[in-house]
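Note: the block below is protein_7.cif and it holds mmCIF, C-alpha atoms.
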```cif
data_coords
#
loop_
_atom_site.label_atom_id
_atom_site.label_comp_id
_atom_site.auth_asym_id
_atom_site.auth_seq_id
_atom_site.Cartn_x
_atom_site.Cartn_y
_atom_site.Cartn_z
CA GLU A 1 -34.52 -31.79 15.76
CA VAL A 2 -34.98 -29.34 12.89
CA GLN A 3 -33.88 -25.83 13.81
CA LEU A 4 -33.51 -22.59 11.88
CA GLN A 5 -31.61 -19.70 13.42
CA ALA A 6 -31.46 -16.27 11.82
CA SER A 7 -28.85 -13.70 12.85
CA GLY A 8 -27.15 -10.54 11.65
CA GLY A 9 -29.79 -7.95 12.38
CA GLY A 10 -29.10 -4.59 13.95
CA LEU A 11 -29.71 -0.85 13.89
CA VAL A 12 -28.57 0.98 10.76
CA ASN A 13 -29.13 4.33 9.07
CA PRO A 14 -31.20 4.58 5.90
CA GLY A 15 -29.07 3.69 2.89
CA GLU A 16 -26.80 1.34 4.78
CA SER A 17 -26.49 -2.43 4.46
CA LEU A 18 -26.91 -5.54 6.56
CA ARG A 19 -26.20 -9.20 5.91
CA LEU A 20 -28.47 -11.75 7.52
CA THR A 21 -27.68 -15.42 7.79
CA CYS A 22 -29.84 -18.40 8.61
CA VAL A 23 -28.31 -21.65 9.71
CA ALA A 24 -30.14 -24.94 9.54
CA SER A 25 -29.30 -27.57 12.08
CA GLY A 26 -30.50 -31.11 12.16
CA PHE A 27 -31.07 -31.20 8.39
CA SER A 28 -29.88 -29.76 5.07
CA PHE A 29 -31.65 -27.25 2.84
CA ASP A 30 -31.05 -29.52 -0.19
CA GLY A 31 -34.28 -30.05 -2.08
CA TYR A 32 -36.18 -27.27 -0.35
CA ALA A 33 -37.38 -23.83 -1.28
CA VAL A 34 -36.25 -21.54 1.53
CA SER A 35 -37.63 -18.10 2.21
CA TRP A 36 -37.04 -14.92 4.13
CA ILE A 37 -40.13 -13.44 5.70
CA ARG A 38 -40.55 -10.45 7.97
CA GLN A 39 -42.98 -8.90 10.39
CA ALA A 40 -43.08 -5.21 11.19
CA PRO A 41 -44.66 -3.97 14.42
CA GLY A 42 -48.43 -4.10 14.20
CA LYS A 43 -48.38 -5.62 10.72
CA GLU A 44 -48.98 -8.99 9.14
CA LEU A 45 -46.20 -11.40 8.28
CA GLU A 46 -44.79 -10.51 4.87
CA TRP A 47 -42.92 -12.64 2.36
CA VAL A 48 -39.58 -11.13 1.27
CA SER A 49 -37.73 -13.62 -0.92
CA THR A 50 -37.34 -17.28 -1.81
CA ILE A 51 -34.52 -19.38 -3.19
CA ARG A 52 -34.94 -22.82 -4.67
CA TRP A 53 -31.97 -24.45 -3.08
CA ASN A 54 -31.01 -26.91 -5.77
CA ASP A 55 -31.08 -24.63 -8.82
CA GLU A 56 -30.66 -21.30 -6.98
CA THR A 57 -33.60 -19.66 -8.69
CA THR A 58 -34.62 -16.63 -6.65
CA PHE A 59 -37.81 -14.63 -6.21
CA TYR A 60 -38.32 -11.26 -4.51
CA ARG A 61 -41.17 -9.05 -3.48
CA ASP A 62 -41.29 -5.91 -5.61
CA SER A 63 -40.31 -3.53 -2.83
CA VAL A 64 -36.92 -5.21 -2.29
CA LYS A 65 -35.98 -6.06 -5.89
CA GLY A 66 -32.61 -4.58 -6.78
CA ARG A 67 -31.74 -4.00 -3.13
CA PHE A 68 -31.88 -7.45 -1.51
CA THR A 69 -30.10 -10.58 -2.65
CA THR A 70 -30.72 -14.04 -1.26
CA SER A 71 -28.11 -16.72 -1.75
CA LYS A 72 -26.58 -19.76 -0.13
CA ASP A 73 -23.12 -20.68 0.95
CA GLY A 74 -21.42 -23.88 -0.10
CA SER A 75 -22.15 -25.76 3.08
CA GLY A 76 -25.71 -26.64 2.21
CA ASN A 77 -27.09 -25.32 5.45
CA THR A 78 -26.60 -21.54 5.45
CA LEU A 79 -28.96 -19.05 3.81
CA ILE A 80 -27.88 -15.46 3.27
CA LEU A 81 -29.83 -12.24 2.75
CA GLN A 82 -27.73 -9.28 1.67
CA MET A 83 -29.74 -6.12 2.20
CA ASN A 84 -28.49 -2.90 0.62
CA SER A 85 -29.94 0.60 0.47
CA LEU A 86 -32.08 -0.11 3.50
CA LYS A 87 -35.17 2.00 4.10
CA PRO A 88 -37.14 2.69 7.29
CA GLU A 89 -39.97 0.56 5.89
CA ASP A 90 -37.63 -2.44 5.95
CA THR A 91 -37.73 -2.34 9.74
CA ALA A 92 -39.04 -5.69 10.97
CA VAL A 93 -38.16 -8.98 12.57
CA TYR A 94 -36.74 -11.18 9.84
CA TYR A 95 -37.16 -14.95 9.81
CA CYS A 96 -36.04 -17.73 7.57
CA ALA A 97 -38.57 -20.40 6.77
CA LEU A 98 -38.93 -23.60 4.81
CA GLY A 99 -41.10 -23.43 1.73
CA GLY A 100 -42.02 -20.74 -0.73
CA SER A 101 -45.53 -19.79 0.31
CA PHE A 102 -47.69 -19.18 3.34
CA PRO A 103 -48.26 -20.30 6.03
CA PHE A 104 -44.50 -20.80 6.58
CA THR A 105 -45.13 -23.00 9.57
CA GLN A 106 -41.51 -24.10 9.81
CA ARG A 107 -39.54 -21.03 10.71
CA GLY A 108 -36.94 -20.27 13.29
CA GLN A 109 -36.26 -17.45 15.68
CA GLY A 110 -35.97 -14.11 13.95
CA THR A 111 -33.50 -11.29 13.99
CA GLN A 112 -34.47 -7.63 14.45
CA VAL A 113 -33.62 -5.16 11.70
CA THR A 114 -34.15 -1.50 12.49
CA VAL A 115 -33.54 1.21 9.92
CA SER A 116 -33.64 4.66 11.44
CA SER A 117 -31.70 7.88 11.47
#
```
Rewrite the structure of this file - the entire thing - as structure tokens.
Amino acid sequence: EVQLQASGGGLVNPGESLRLTCVASGFSFDGYAVSWIRQAPGKELEWVSTIRWNDETTFYRDSVKGRFTTSKDGSGNTLILQMNSLKPEDTAVYYCALGGSFPFTQRGQGTQVTVSS
């Protein structure tokens, strides 16, 4: 069974950092584009970033460029999102998902990120 599990969220002050991870079980990310997406309360699902697993090319939405970095570890099944200089508007549930575009039908359970003073 294909499963994606995101973790690492929490409550932080503006300007602080968090590191999210997403572990794939039942398969490897090899050959896929893998994305981080998020959903804030009362808002639509929003794409955050994508990495092409095999060549590590990355893409980011404008509002997170220079602050967020998506990468992979050497295992082939762990996706990372390093989030620095967090802002209140980054508050959302973050998910990892297969693919690089909507509808992101294959996504796992999310992790809550709250940025507040």
Next item on the list: Check the smallest atom-to-atom distance from each of A:Ser25, A:Thr111, A:Ser49, A:Ala92 to Thr69 (chain A) using all atoms listed in the file, then report the winner.
Entry: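 Closest to Thr69 (chain A), using all atoms listed in the file: A:Ser49.
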When the PyMOL selection byres ((chain A and resi 55) around 12) is applied to the structure above, which residues does it catch, written out as a PDB file with C-alpha atoms, in the coordinates of the input?
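Result file result-v1.pdb:
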```pdb
ATOM      1  CA  PHE A  29     -31.650 -27.250   2.840  1.00  0.00           C
ATOM      2  CA  ASP A  30     -31.050 -29.520  -0.190  1.00  0.00           C
ATOM      3  CA  GLY A  31     -34.280 -30.050  -2.080  1.00  0.00           C
ATOM      4  CA  TYR A  32     -36.180 -27.270  -0.350  1.00  0.00           C
ATOM      5  CA  ALA A  33     -37.380 -23.830  -1.280  1.00  0.00           C
ATOM      6  CA  VAL A  34     -36.250 -21.540   1.530  1.00  0.00           C
ATOM      7  CA  THR A  50     -37.340 -17.280  -1.810  1.00  0.00           C
ATOM      8  CA  ILE A  51     -34.520 -19.380  -3.190  1.00  0.00           C
ATOM      9  CA  ARG A  52     -34.940 -22.820  -4.670  1.00  0.00           C
ATOM     10  CA  TRP A  53     -31.970 -24.450  -3.080  1.00  0.00           C
ATOM     11  CA  ASN A  54     -31.010 -26.910  -5.770  1.00  0.00           C
ATOM     12  CA  GLU A  56     -30.660 -21.300  -6.980  1.00  0.00           C
ATOM     13  CA  THR A  57     -33.600 -19.660  -8.690  1.00  0.00           C
ATOM     14  CA  THR A  58     -34.620 -16.630  -6.650  1.00  0.00           C
ATOM     15  CA  SER A  71     -28.110 -16.720  -1.750  1.00  0.00           C
ATOM     16  CA  LYS A  72     -26.580 -19.760  -0.130  1.00  0.00           C
TER      17      LYS A  72
END
```
How would you write, as a PDB file with C-alpha atoms, in the coordinates of the input, the residues chosen by the PyMOL selection byres ((chain A and resi 91) around 9) on this structure?
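Output contents, as saved in selection-v4.pdb:
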```pdb
ATOM      1  CA  ARG A  38     -40.550 -10.450   7.970  1.00  0.00           C
ATOM      2  CA  GLN A  39     -42.980  -8.900  10.390  1.00  0.00           C
ATOM      3  CA  ALA A  40     -43.080  -5.210  11.190  1.00  0.00           C
ATOM      4  CA  PRO A  41     -44.660  -3.970  14.420  1.00  0.00           C
ATOM      5  CA  LEU A  86     -32.080  -0.110   3.500  1.00  0.00           C
ATOM      6  CA  LYS A  87     -35.170   2.000   4.100  1.00  0.00           C
ATOM      7  CA  PRO A  88     -37.140   2.690   7.290  1.00  0.00           C
ATOM      8  CA  GLU A  89     -39.970   0.560   5.890  1.00  0.00           C
ATOM      9  CA  ASP A  90     -37.630  -2.440   5.950  1.00  0.00           C
ATOM     10  CA  ALA A  92     -39.040  -5.690  10.970  1.00  0.00           C
ATOM     11  CA  VAL A  93     -38.160  -8.980  12.570  1.00  0.00           C
ATOM     12  CA  TYR A  94     -36.740 -11.180   9.840  1.00  0.00           C
ATOM     13  CA  GLN A 112     -34.470  -7.630  14.450  1.00  0.00           C
ATOM     14  CA  VAL A 113     -33.620  -5.160  11.700  1.00  0.00           C
ATOM     15  CA  THR A 114     -34.150  -1.500  12.490  1.00  0.00           C
ATOM     16  CA  VAL A 115     -33.540   1.210   9.920  1.00  0.00           C
ATOM     17  CA  SER A 116     -33.640   4.660  11.440  1.00  0.00           C
TER      18      SER A 116
END
```
Next item on the list: Kindly resolve the PyMOL selection byres ((chain A and resi 75-84) around 8) on the present coordinates and return the residues as number ranges by chain.
Entry: A: 15-25, 27-30, 36, 67-74, 85-86
Note to self: So, with only C-alpha atoms as the atoms that count, which of A:Val64, A:Val48, A:Val2, A:Val12 lies closest to Arg107 (chain A)?
What the structure shows: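 Among the listed residues, the smallest separation from Arg107 (chain A) belongs to A:Val2.
The spacing separating CA of Phe102 (chain A) from CA of Glu1 (chain A) amounts to 22.1 Å.
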Next item on the list: Kindly indicate which residue among A:Gly66, A:Gly26, A:Gly8, A:Pro14 lies nearest to Tyr95 (chain A), using only C-alpha atoms for the distances.
Entry: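 Answer, going by the shortest atom-to-atom distance: A:Gly8.
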Could the centre and edge lengths of an axis-aligned box, enclosing all atoms of region 85-95 of chain A in the file with 5 Å extra on each side, be given in Å to one decimal as lines of an AutoDock Vina configuration file?
```
center_x = -35.0
center_y = -6.1
center_z = 6.5
size_x = 20.0
size_y = 27.6
size_z = 22.1
```
Checklist line | Residue nearest Ala97 (chain A) among A:Ser117, A:Lys43, A:Gly10, A:Ser35 (counting only C-alpha atoms) | finding: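 With only C-alpha atoms as the atom set, the closest residue is A:Ser35.
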